[in-house]
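A.B. asks: Sharing a structure, written as structure tokens. Questions coming.
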Amino acid sequence: MAERKAIAAATRLRLFSESAGHCQKPDCLAPLFPVELGGDKHIAEMAHVIPHGETGPRSEDRPAVDFDPDTFENLILLCPTCHTKIDKDPDSYPRHILLEWKQNHVANLAAKQGIRSYEDRAQARAAVAGVMAENKAIWDKFAPEHGSDFEYDPESESAQAWAQRMRSVILPNHYRAQAIIKANLGLATANERRAFAEYQEHVRGLSERHVCGVAGRAIRFPQAMEGIFT
């Protein structure tokens with residue numbers, strides 16, 4: 001039997017990014033970086049909608065030719081409990097249901113978190129300002145300065161404290177801020193939309209480094225984002 005290849009880093013990054021750090025089963029939506037683990041370790045499992053083998057869950061939907069089961073389109077990010085559930089009872093969780101979960105995940109998560117569209121810019125600003133302020137406070141206190149010792153020693157206590165806060169607080173806050181802004185893009189100016197596009201690239205780079213373990217080329221946080229909706 002041929003050794004199964006690792007899922008590509010870009011695919012893993014996209015899965016984590018679009019899950020916003022939460023299980024994609026809509027009646028679960030559990031955090032994948034749970035507080036009880038210190039927010040430093042994730043419990044996410046990349047579940048195949050259609051399996052590698054010809055006898056696994058939902059294998060009857062497997063295309064006849066040219067099928068790569070490790071593509072983004074065939075993977076869903078779940079907590080271990082939900083992964084077990086969907087594979088033990090595939091008749092209750094067919095392919096179209098799992099794909100529907102992925103398609104509606106952002107909306108489902110936003111509804112659970114109380115994220116919504118607002119009538120004016122002041123309301124949208126109030127919703128996003130607290131999230132941004134918490135991230136800035138953590139960044140100012142814990143982020144490595146260029147040329148600092150722990151920038152070159154990832155095993156140092158300072159580096160580990162920074163990595164823990166990045167995964168447990170900063171990234172979840174970024175995902176939440178993105179969801180708020182997306183829900184209220186109709187209130188944004190053209191310049192704010194451009195700043196938001198840069199912000200999304202910034203967060204994507206952070207996710208690539210701190211979740212997927214890939215040294216990405218993240219752009220700096222766009223300063224224009226600090227005044228969004230003001």
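Letters A, B, ... mark the chains of the structure tokens in the order given; residue numbers begin at 1 per chain; ligand numbers begin at 1, in order shown.
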As a PyMOL selection string, please: the residues near Val106 of chain A (cut-off 8 Å, only C-alpha atoms, same-chain neighbours under 4 positions excluded).

C.D. replies: chain A and resi 18-20+110+179

A.B. asks: Please dump the current selection as a short mmCIF file (atom, residue, chain, number, x, y, z; two decimals), in the first residue's frame; keep N, CA, C and O atoms.

C.D. replies:
```cif
data_model
loop_
_atom_site.label_atom_id
_atom_site.label_comp_id
_atom_site.auth_asym_id
_atom_site.auth_seq_id
_atom_site.Cartn_x
_atom_site.Cartn_y
_atom_site.Cartn_z
N GLU A 18 -10.61 29.46 6.96
CA GLU A 18 -12.04 29.53 6.69
C GLU A 18 -12.89 28.93 7.81
O GLU A 18 -14.08 29.20 7.89
N SER A 19 -12.26 28.15 8.69
CA SER A 19 -13.00 27.65 9.85
C SER A 19 -13.03 28.68 10.97
O SER A 19 -13.81 28.55 11.92
N ALA A 20 -12.15 29.70 10.87
CA ALA A 20 -12.02 30.72 11.93
C ALA A 20 -11.75 30.08 13.29
O ALA A 20 -12.14 30.59 14.32
N ALA A 110 -20.95 33.33 12.89
CA ALA A 110 -21.28 34.73 13.17
C ALA A 110 -22.57 34.83 13.99
O ALA A 110 -22.67 35.63 14.93
N ALA A 179 -14.88 38.73 10.58
CA ALA A 179 -16.30 38.41 10.40
C ALA A 179 -17.17 39.65 10.60
O ALA A 179 -18.13 39.87 9.86
#
```

A.B. asks: DSSP on the backbone: which residues in segment 31-225 of chain A end up as strand (DSSP E or B)? Give the answer as an mmCIF file with N, CA and C atoms, in the first residue's frame.

C.D. replies:
```cif
data_model
loop_
_atom_site.group_PDB
_atom_site.id
_atom_site.type_symbol
_atom_site.label_atom_id
_atom_site.label_comp_id
_atom_site.auth_asym_id
_atom_site.auth_seq_id
_atom_site.Cartn_x
_atom_site.Cartn_y
_atom_site.Cartn_z
ATOM 1 N N PRO A 31 -14.527 25.654 19.872
ATOM 2 C CA PRO A 31 -13.192 26.201 19.577
ATOM 3 C C PRO A 31 -12.195 25.073 19.350
ATOM 4 N N GLU A 45 -9.192 18.255 13.458
ATOM 5 C CA GLU A 45 -8.921 17.103 12.600
ATOM 6 C C GLU A 45 -9.457 17.403 11.202
ATOM 7 N N MET A 46 -8.615 17.140 10.209
ATOM 8 C CA MET A 46 -9.014 17.349 8.817
ATOM 9 C C MET A 46 -9.733 16.098 8.328
ATOM 10 N N ALA A 47 -11.041 16.175 8.268
ATOM 11 C CA ALA A 47 -11.851 15.014 7.899
ATOM 12 C C ALA A 47 -12.102 15.002 6.392
ATOM 13 N N HIS A 48 -11.988 13.825 5.797
ATOM 14 C CA HIS A 48 -12.268 13.669 4.370
ATOM 15 C C HIS A 48 -13.772 13.496 4.157
ATOM 16 N N LEU A 75 -12.180 18.340 2.058
ATOM 17 C CA LEU A 75 -11.802 18.300 3.468
ATOM 18 C C LEU A 75 -12.661 19.252 4.275
ATOM 19 N N ILE A 76 -12.907 18.890 5.511
ATOM 20 C CA ILE A 76 -13.656 19.735 6.433
ATOM 21 C C ILE A 76 -12.957 19.671 7.785
ATOM 22 N N LEU A 77 -12.915 20.785 8.494
ATOM 23 C CA LEU A 77 -12.200 20.844 9.764
ATOM 24 C C LEU A 77 -13.186 20.636 10.909
ATOM 25 N N LEU A 78 -12.917 19.608 11.720
ATOM 26 C CA LEU A 78 -13.836 19.229 12.785
ATOM 27 C C LEU A 78 -13.083 18.982 14.081
#
```

A.B. asks: Tell me, as a VMD selection string, which residues lie within 7 Å of Glu198 of chain A, counting only C-alpha atoms; anything in the same chain fewer than 4 positions away does not count.

C.D. replies: chain A and resid 194 202 222

A.B. asks: Could you write out the selected residues, including N, CA and C atoms, as a short mmCIF file (atom, residue, chain, number, x, y, z; two decimals), in the first residue's frame?

C.D. replies:
```cif
data_model
loop_
_atom_site.label_atom_id
_atom_site.label_comp_id
_atom_site.auth_asym_id
_atom_site.auth_seq_id
_atom_site.Cartn_x
_atom_site.Cartn_y
_atom_site.Cartn_z
N ARG A 194 -9.73 48.65 0.88
CA ARG A 194 -8.36 48.30 0.51
C ARG A 194 -7.56 47.90 1.75
N HIS A 202 -2.52 39.96 6.09
CA HIS A 202 -1.76 39.94 7.35
C HIS A 202 -2.17 38.76 8.21
N PRO A 222 -1.82 46.61 8.65
CA PRO A 222 -2.02 47.93 8.02
C PRO A 222 -2.55 48.95 9.03
#
```

A.B. asks: Could you check how far atom CA of Lys141 of chain A sits from atom CA of Glu226 of chain A, in Å to one decimal?

C.D. replies: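 Computing the Euclidean distance for atom CA of Lys141 of chain A and atom CA of Glu226 of chain A yields 17.7 Å.
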
A.B. asks: I'd like the contact shell of Asp27 of chain A - 10 Å cut-off, only C-alpha atoms, skipping same-chain residues fewer than 4 positions apart - returned as a list in words.

C.D. replies: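 Residues near the query, excluding close chain neighbours: Cys23, Cys82, Trp101, Asn108, Leu109 and Lys112 of chain A.
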
A.B. asks: Using only C-alpha atoms, which residue out of A:Ser17, A:Ser92, A:Gln178, A:Thr55 lies closest to Phe72 of chain A?

C.D. replies: A:Ser17

A.B. asks: My list of candidates is A:Val203, A:Ile219, A:Ala183, A:Val128. Which is closest to Ile170 of chain A when distances are computed with only C-alpha atoms?

C.D. replies: A:Val203

A.B. asks: Select, from A:Phe33, A:Tyr199, A:Gln24, A:Ala10, the residue with the minimum atom-to-atom distance to Gln103 of chain A, counting only C-alpha atoms.

C.D. replies: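 Selected residue with least distance to Gln103 of chain A: A:Gln24.
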
A.B. asks: List every residue of segment 14-227 of chain A that DSSP, applied to the backbone of this structure, places in alpha helix (DSSP H), and write the result as a compact mmCIF listing (two decimals) with N, CA, C and O atoms, in the first residue's frame.

C.D. replies:
```txt
# COMPACT_ATOMS: atom_id res chain seq x y z
N ARG A 14 -5.72 27.17 4.44
CA ARG A 14 -7.05 27.60 3.99
C ARG A 14 -8.14 27.00 4.86
O ARG A 14 -9.12 27.68 5.20
N LEU A 15 -7.98 25.75 5.26
CA LEU A 15 -8.98 25.11 6.13
C LEU A 15 -9.08 25.84 7.47
O LEU A 15 -10.17 26.14 7.95
N PHE A 16 -7.93 26.11 8.09
CA PHE A 16 -7.94 26.81 9.38
C PHE A 16 -8.48 28.23 9.23
O PHE A 16 -9.23 28.71 10.08
N SER A 17 -8.09 28.89 8.16
CA SER A 17 -8.54 30.26 7.95
C SER A 17 -10.05 30.33 7.79
O SER A 17 -10.72 31.15 8.43
N GLU A 18 -10.61 29.46 6.96
CA GLU A 18 -12.04 29.53 6.69
C GLU A 18 -12.89 28.93 7.81
O GLU A 18 -14.08 29.20 7.89
N SER A 19 -12.26 28.15 8.69
CA SER A 19 -13.00 27.65 9.85
C SER A 19 -13.03 28.68 10.97
O SER A 19 -13.81 28.55 11.92
N PRO A 80 -12.48 16.36 17.28
CA PRO A 80 -12.41 14.89 17.24
C PRO A 80 -13.75 14.21 17.43
O PRO A 80 -14.04 13.20 16.79
N THR A 81 -14.60 14.74 18.31
CA THR A 81 -15.90 14.13 18.56
C THR A 81 -16.77 14.13 17.31
O THR A 81 -17.36 13.10 16.94
N CYS A 82 -16.82 15.27 16.63
CA CYS A 82 -17.66 15.36 15.43
C CYS A 82 -17.08 14.54 14.28
O CYS A 82 -17.83 13.97 13.48
N HIS A 83 -15.76 14.48 14.19
CA HIS A 83 -15.14 13.64 13.17
C HIS A 83 -15.56 12.19 13.34
O HIS A 83 -15.92 11.50 12.39
N THR A 84 -15.52 11.71 14.59
CA THR A 84 -15.93 10.34 14.87
C THR A 84 -17.39 10.11 14.51
O THR A 84 -17.76 9.10 13.92
N LYS A 85 -18.25 11.08 14.87
CA LYS A 85 -19.68 10.95 14.61
C LYS A 85 -19.96 10.81 13.12
O LYS A 85 -20.73 9.93 12.70
N ILE A 86 -19.36 11.66 12.30
CA ILE A 86 -19.71 11.63 10.87
C ILE A 86 -19.20 10.38 10.18
O ILE A 86 -19.79 9.90 9.21
N ASP A 87 -18.10 9.82 10.69
CA ASP A 87 -17.56 8.62 10.05
C ASP A 87 -18.20 7.34 10.56
O ASP A 87 -18.22 6.33 9.86
N LYS A 88 -18.75 7.37 11.76
CA LYS A 88 -19.42 6.18 12.29
C LYS A 88 -20.86 6.07 11.77
O LYS A 88 -21.45 5.00 11.80
N ARG A 95 -22.41 13.38 1.78
CA ARG A 95 -21.49 14.36 1.20
C ARG A 95 -22.11 15.75 1.13
O ARG A 95 -21.49 16.75 1.52
N HIS A 96 -23.34 15.85 0.65
CA HIS A 96 -23.93 17.18 0.44
C HIS A 96 -24.15 17.92 1.75
O HIS A 96 -24.08 19.15 1.81
N ILE A 97 -24.38 17.19 2.83
CA ILE A 97 -24.56 17.82 4.14
C ILE A 97 -23.24 18.43 4.62
O ILE A 97 -23.19 19.57 5.11
N LEU A 98 -22.15 17.68 4.49
CA LEU A 98 -20.85 18.18 4.94
C LEU A 98 -20.42 19.40 4.13
O LEU A 98 -19.89 20.37 4.69
N LEU A 99 -20.67 19.38 2.83
CA LEU A 99 -20.31 20.52 2.00
C LEU A 99 -21.18 21.73 2.33
O LEU A 99 -20.71 22.88 2.28
N GLU A 100 -22.40 21.49 2.71
CA GLU A 100 -23.28 22.58 3.13
C GLU A 100 -22.78 23.20 4.43
O GLU A 100 -22.83 24.43 4.61
N TRP A 101 -22.26 22.37 5.35
CA TRP A 101 -21.68 22.91 6.59
C TRP A 101 -20.56 23.89 6.27
O TRP A 101 -20.49 24.97 6.84
N LYS A 102 -19.68 23.48 5.36
CA LYS A 102 -18.55 24.34 5.00
C LYS A 102 -19.03 25.65 4.38
O LYS A 102 -18.54 26.72 4.71
N GLN A 103 -19.98 25.54 3.49
CA GLN A 103 -20.47 26.72 2.77
C GLN A 103 -21.09 27.75 3.71
O GLN A 103 -20.93 28.95 3.54
N ASN A 104 -21.79 27.26 4.73
CA ASN A 104 -22.52 28.15 5.63
C ASN A 104 -21.80 28.40 6.95
O ASN A 104 -22.36 29.03 7.85
N HIS A 105 -20.56 27.93 7.07
CA HIS A 105 -19.88 27.97 8.36
C HIS A 105 -19.71 29.39 8.91
O HIS A 105 -19.99 29.65 10.08
N VAL A 106 -19.26 30.30 8.07
CA VAL A 106 -19.01 31.66 8.55
C VAL A 106 -20.30 32.29 9.06
O VAL A 106 -20.32 32.93 10.12
N ALA A 107 -21.39 32.09 8.33
CA ALA A 107 -22.67 32.65 8.77
C ALA A 107 -23.14 31.99 10.07
O ALA A 107 -23.65 32.66 10.96
N ASN A 108 -22.97 30.67 10.17
CA ASN A 108 -23.38 29.97 11.39
C ASN A 108 -22.57 30.45 12.60
O ASN A 108 -23.12 30.68 13.68
N LEU A 109 -21.27 30.61 12.41
CA LEU A 109 -20.41 31.06 13.50
C LEU A 109 -20.72 32.50 13.88
O LEU A 109 -20.77 32.83 15.07
N ALA A 110 -20.95 33.33 12.89
CA ALA A 110 -21.28 34.73 13.17
C ALA A 110 -22.57 34.83 13.99
O ALA A 110 -22.67 35.63 14.93
N ALA A 111 -23.55 34.02 13.63
CA ALA A 111 -24.82 34.05 14.37
C ALA A 111 -24.60 33.62 15.82
O ALA A 111 -25.15 34.23 16.75
N LYS A 112 -23.78 32.59 16.04
CA LYS A 112 -23.51 32.13 17.40
C LYS A 112 -22.79 33.20 18.21
O LYS A 112 -23.04 33.37 19.41
N ARG A 121 -21.99 53.44 10.92
CA ARG A 121 -20.57 53.19 11.10
C ARG A 121 -20.18 53.19 12.58
O ARG A 121 -19.28 52.43 12.98
N ALA A 122 -20.83 53.99 13.39
CA ALA A 122 -20.48 54.05 14.82
C ALA A 122 -20.73 52.71 15.49
O ALA A 122 -19.94 52.26 16.33
N GLN A 123 -21.83 52.06 15.14
CA GLN A 123 -22.12 50.75 15.72
C GLN A 123 -21.10 49.70 15.27
O GLN A 123 -20.64 48.88 16.06
N ALA A 124 -20.76 49.74 13.98
CA ALA A 124 -19.76 48.81 13.46
C ALA A 124 -18.41 49.06 14.13
O ALA A 124 -17.69 48.12 14.48
N ARG A 125 -18.06 50.32 14.32
CA ARG A 125 -16.80 50.66 14.98
C ARG A 125 -16.76 50.13 16.40
O ARG A 125 -15.76 49.56 16.84
N ALA A 126 -17.86 50.29 17.13
CA ALA A 126 -17.92 49.82 18.51
C ALA A 126 -17.74 48.30 18.57
O ALA A 126 -17.09 47.78 19.49
N ALA A 127 -18.28 47.58 17.59
CA ALA A 127 -18.20 46.12 17.60
C ALA A 127 -16.77 45.64 17.37
O ALA A 127 -16.35 44.64 17.95
N VAL A 128 -16.02 46.34 16.52
CA VAL A 128 -14.68 45.88 16.17
C VAL A 128 -13.60 46.49 17.05
O VAL A 128 -12.51 45.92 17.20
N ALA A 129 -13.88 47.63 17.69
CA ALA A 129 -12.84 48.36 18.41
C ALA A 129 -12.29 47.57 19.60
O ALA A 129 -11.07 47.55 19.84
N GLY A 130 -13.17 46.91 20.34
CA GLY A 130 -12.71 46.16 21.51
C GLY A 130 -11.81 45.02 21.14
O GLY A 130 -10.81 44.74 21.83
N VAL A 131 -12.13 44.33 20.04
CA VAL A 131 -11.31 43.22 19.57
C VAL A 131 -9.92 43.72 19.18
O VAL A 131 -8.90 43.14 19.56
N MET A 132 -9.89 44.81 18.43
CA MET A 132 -8.62 45.38 18.00
C MET A 132 -7.79 45.86 19.19
O MET A 132 -6.56 45.68 19.23
N ALA A 133 -8.46 46.46 20.17
CA ALA A 133 -7.75 47.00 21.33
C ALA A 133 -7.09 45.89 22.14
O ALA A 133 -5.96 46.04 22.62
N GLU A 134 -7.79 44.76 22.31
CA GLU A 134 -7.21 43.66 23.06
C GLU A 134 -5.98 43.11 22.34
O GLU A 134 -4.94 42.85 22.96
N ASN A 135 -6.06 42.96 21.02
CA ASN A 135 -4.92 42.46 20.27
C ASN A 135 -3.73 43.41 20.37
O ASN A 135 -2.58 42.99 20.52
N LYS A 136 -4.00 44.72 20.29
CA LYS A 136 -2.90 45.69 20.36
C LYS A 136 -2.23 45.65 21.72
O LYS A 136 -0.99 45.73 21.82
N ALA A 137 -3.02 45.50 22.78
CA ALA A 137 -2.45 45.45 24.13
C ALA A 137 -1.54 44.23 24.29
O ALA A 137 -0.45 44.32 24.87
N ILE A 138 -1.98 43.09 23.77
CA ILE A 138 -1.16 41.88 23.85
C ILE A 138 0.08 42.02 22.99
O ILE A 138 1.19 41.64 23.39
N TRP A 139 -0.09 42.58 21.81
CA TRP A 139 1.04 42.77 20.91
C TRP A 139 2.10 43.67 21.57
O TRP A 139 3.29 43.36 21.55
N ASP A 140 1.65 44.79 22.14
CA ASP A 140 2.59 45.73 22.76
C ASP A 140 3.37 45.09 23.90
O ASP A 140 4.53 45.42 24.14
N LYS A 141 2.74 44.16 24.62
CA LYS A 141 3.38 43.57 25.79
C LYS A 141 4.23 42.36 25.47
O LYS A 141 5.29 42.16 26.07
N PHE A 142 3.81 41.54 24.51
CA PHE A 142 4.45 40.24 24.32
C PHE A 142 5.16 40.04 22.99
O PHE A 142 5.96 39.12 22.87
N GLU A 157 11.25 30.86 27.02
CA GLU A 157 9.98 31.07 27.72
C GLU A 157 9.20 32.22 27.11
O GLU A 157 7.98 32.16 26.96
N SER A 158 9.90 33.29 26.73
CA SER A 158 9.23 34.45 26.13
C SER A 158 8.60 34.10 24.79
O SER A 158 7.48 34.50 24.49
N ALA A 159 9.34 33.32 24.00
CA ALA A 159 8.80 32.92 22.69
C ALA A 159 7.57 32.05 22.84
O ALA A 159 6.60 32.18 22.10
N GLN A 160 7.60 31.15 23.80
CA GLN A 160 6.46 30.26 24.01
C GLN A 160 5.25 31.02 24.53
O GLN A 160 4.11 30.73 24.15
N ALA A 161 5.48 32.01 25.38
CA ALA A 161 4.37 32.83 25.88
C ALA A 161 3.73 33.61 24.74
O ALA A 161 2.50 33.73 24.65
N TRP A 162 4.57 34.12 23.83
CA TRP A 162 4.05 34.86 22.69
C TRP A 162 3.26 33.94 21.75
O TRP A 162 2.16 34.29 21.32
N ALA A 163 3.79 32.74 21.47
CA ALA A 163 3.10 31.81 20.59
C ALA A 163 1.76 31.39 21.17
O ALA A 163 0.76 31.25 20.46
N GLN A 164 1.72 31.19 22.50
CA GLN A 164 0.48 30.79 23.16
C GLN A 164 -0.58 31.87 23.01
O GLN A 164 -1.74 31.59 22.69
N ARG A 165 -0.20 33.11 23.20
CA ARG A 165 -1.17 34.20 23.10
C ARG A 165 -1.59 34.45 21.66
O ARG A 165 -2.72 34.83 21.38
N LEU A 171 -5.17 35.39 17.19
CA LEU A 171 -5.78 34.87 15.97
C LEU A 171 -7.30 34.73 16.07
O LEU A 171 -8.02 35.14 15.16
N PRO A 172 -7.84 34.16 17.18
CA PRO A 172 -9.30 34.14 17.29
C PRO A 172 -9.92 35.54 17.22
O PRO A 172 -10.98 35.73 16.61
N ASN A 173 -9.26 36.53 17.82
CA ASN A 173 -9.75 37.90 17.72
C ASN A 173 -9.71 38.41 16.28
O ASN A 173 -10.63 39.10 15.83
N HIS A 174 -8.64 38.08 15.57
CA HIS A 174 -8.56 38.49 14.17
C HIS A 174 -9.69 37.86 13.36
O HIS A 174 -10.31 38.53 12.52
N TYR A 175 -9.95 36.57 13.59
CA TYR A 175 -11.04 35.92 12.86
C TYR A 175 -12.38 36.59 13.16
O TYR A 175 -13.21 36.77 12.27
N ARG A 176 -12.57 36.95 14.42
CA ARG A 176 -13.83 37.62 14.80
C ARG A 176 -13.92 39.00 14.16
O ARG A 176 -14.96 39.38 13.62
N ALA A 177 -12.82 39.75 14.18
CA ALA A 177 -12.82 41.08 13.58
C ALA A 177 -13.11 40.99 12.09
O ALA A 177 -13.88 41.81 11.54
N GLN A 178 -12.53 40.00 11.42
CA GLN A 178 -12.80 39.83 10.00
C GLN A 178 -14.28 39.57 9.74
O GLN A 178 -14.87 40.11 8.80
N ALA A 179 -14.88 38.73 10.58
CA ALA A 179 -16.30 38.41 10.40
C ALA A 179 -17.17 39.65 10.60
O ALA A 179 -18.13 39.87 9.86
N ILE A 180 -16.83 40.48 11.60
CA ILE A 180 -17.59 41.71 11.84
C ILE A 180 -17.49 42.64 10.64
O ILE A 180 -18.48 43.20 10.17
N ILE A 181 -16.26 42.81 10.16
CA ILE A 181 -16.04 43.74 9.04
C ILE A 181 -16.72 43.24 7.78
O ILE A 181 -17.35 44.01 7.05
N LYS A 182 -16.62 41.94 7.50
CA LYS A 182 -17.28 41.38 6.32
C LYS A 182 -18.78 41.61 6.37
O LYS A 182 -19.41 41.89 5.35
N ALA A 183 -19.36 41.49 7.56
CA ALA A 183 -20.81 41.68 7.71
C ALA A 183 -21.22 43.13 7.52
O ALA A 183 -22.40 43.43 7.32
N ALA A 190 -13.97 53.21 0.23
CA ALA A 190 -13.09 52.50 -0.70
C ALA A 190 -11.71 52.28 -0.07
O ALA A 190 -11.12 51.20 -0.21
N ASN A 191 -11.20 53.28 0.63
CA ASN A 191 -9.89 53.14 1.28
C ASN A 191 -9.94 52.09 2.39
O ASN A 191 -8.98 51.34 2.59
N GLU A 192 -11.05 52.03 3.11
CA GLU A 192 -11.18 51.03 4.16
C GLU A 192 -11.27 49.62 3.58
O GLU A 192 -10.75 48.67 4.17
N ARG A 193 -11.88 49.48 2.43
CA ARG A 193 -11.94 48.17 1.79
C ARG A 193 -10.54 47.71 1.37
O ARG A 193 -10.20 46.53 1.50
N ARG A 194 -9.73 48.65 0.88
CA ARG A 194 -8.36 48.30 0.51
C ARG A 194 -7.56 47.90 1.75
O ARG A 194 -6.79 46.93 1.73
N ALA A 195 -7.75 48.66 2.84
CA ALA A 195 -7.04 48.32 4.09
C ALA A 195 -7.48 46.96 4.60
O ALA A 195 -6.66 46.18 5.12
N PHE A 196 -8.75 46.64 4.45
CA PHE A 196 -9.26 45.35 4.91
C PHE A 196 -8.66 44.21 4.09
O PHE A 196 -8.33 43.15 4.64
N ALA A 197 -8.49 44.42 2.80
CA ALA A 197 -7.86 43.39 1.96
C ALA A 197 -6.43 43.13 2.43
O ALA A 197 -5.99 41.97 2.51
N GLU A 198 -5.70 44.19 2.79
CA GLU A 198 -4.35 44.02 3.32
C GLU A 198 -4.38 43.33 4.68
O GLU A 198 -3.52 42.49 4.99
N TYR A 199 -5.37 43.67 5.48
CA TYR A 199 -5.52 43.05 6.80
C TYR A 199 -5.75 41.55 6.67
O TYR A 199 -5.18 40.75 7.42
N GLN A 200 -6.55 41.14 5.71
CA GLN A 200 -6.79 39.72 5.50
C GLN A 200 -5.50 38.99 5.14
O GLN A 200 -5.27 37.86 5.59
N GLU A 201 -4.65 39.64 4.34
CA GLU A 201 -3.36 39.04 4.01
C GLU A 201 -2.47 38.94 5.24
O GLU A 201 -1.74 37.96 5.43
N HIS A 202 -2.52 39.96 6.09
CA HIS A 202 -1.76 39.94 7.35
C HIS A 202 -2.17 38.76 8.21
O HIS A 202 -1.33 38.00 8.70
N VAL A 203 -3.46 38.55 8.37
CA VAL A 203 -3.97 37.45 9.20
C VAL A 203 -3.64 36.11 8.56
O VAL A 203 -3.30 35.15 9.25
N ARG A 204 -3.73 36.04 7.24
CA ARG A 204 -3.40 34.79 6.55
C ARG A 204 -1.95 34.40 6.81
O ARG A 204 -1.64 33.23 7.05
N GLY A 205 -1.06 35.37 6.81
CA GLY A 205 0.34 35.10 7.08
C GLY A 205 0.57 34.64 8.51
O GLY A 205 1.37 33.73 8.77
N LEU A 206 -0.13 35.27 9.47
CA LEU A 206 -0.02 34.84 10.87
C LEU A 206 -0.51 33.41 11.04
O LEU A 206 0.10 32.62 11.77
N SER A 207 -1.61 33.09 10.39
CA SER A 207 -2.15 31.73 10.47
C SER A 207 -1.17 30.73 9.88
O SER A 207 -0.97 29.64 10.43
N GLU A 208 -0.57 31.11 8.78
CA GLU A 208 0.39 30.22 8.12
C GLU A 208 1.55 29.89 9.05
O GLU A 208 1.98 28.75 9.15
N ARG A 209 2.04 30.90 9.75
CA ARG A 209 3.19 30.70 10.63
C ARG A 209 2.82 29.99 11.92
O ARG A 209 3.47 29.02 12.33
N HIS A 210 1.75 30.45 12.58
CA HIS A 210 1.48 30.00 13.94
C HIS A 210 0.53 28.80 14.03
O HIS A 210 0.47 28.14 15.07
```

A.B. asks: May I ask for the distance between atom CA of Cys28 of chain A and atom CA of Val169 of chain A, given in Å to one decimal place?

C.D. replies: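 Going from atom CA of Cys28 of chain A over to atom CA of Val169 of chain A covers 20.2 Å.
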
A.B. asks: How far is it from atom CA of Leu13 of chain A to atom CA of Asp89 of chain A, in Å with one decimal?

C.D. replies: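 Separation between atom CA of Leu13 of chain A and atom CA of Asp89 of chain A: 27.9 Å.
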
A.B. asks: Which residue is closest to His42 of chain A? Choose from A:Val211, A:Met166, A:Asn74, A:Arg116 and count only C-alpha atoms.

C.D. replies: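 Among the listed residues, A:Val211 lies closest to His42 of chain A.
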
A.B. asks: Given the choices A:Ile50, A:Ala6, A:Ala188, A:Gly56, which gets closest to Glu73 of chain A if the distance is worked out from only C-alpha atoms?

C.D. replies: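 With only C-alpha atoms as the atom set, the closest residue is A:Ile50.
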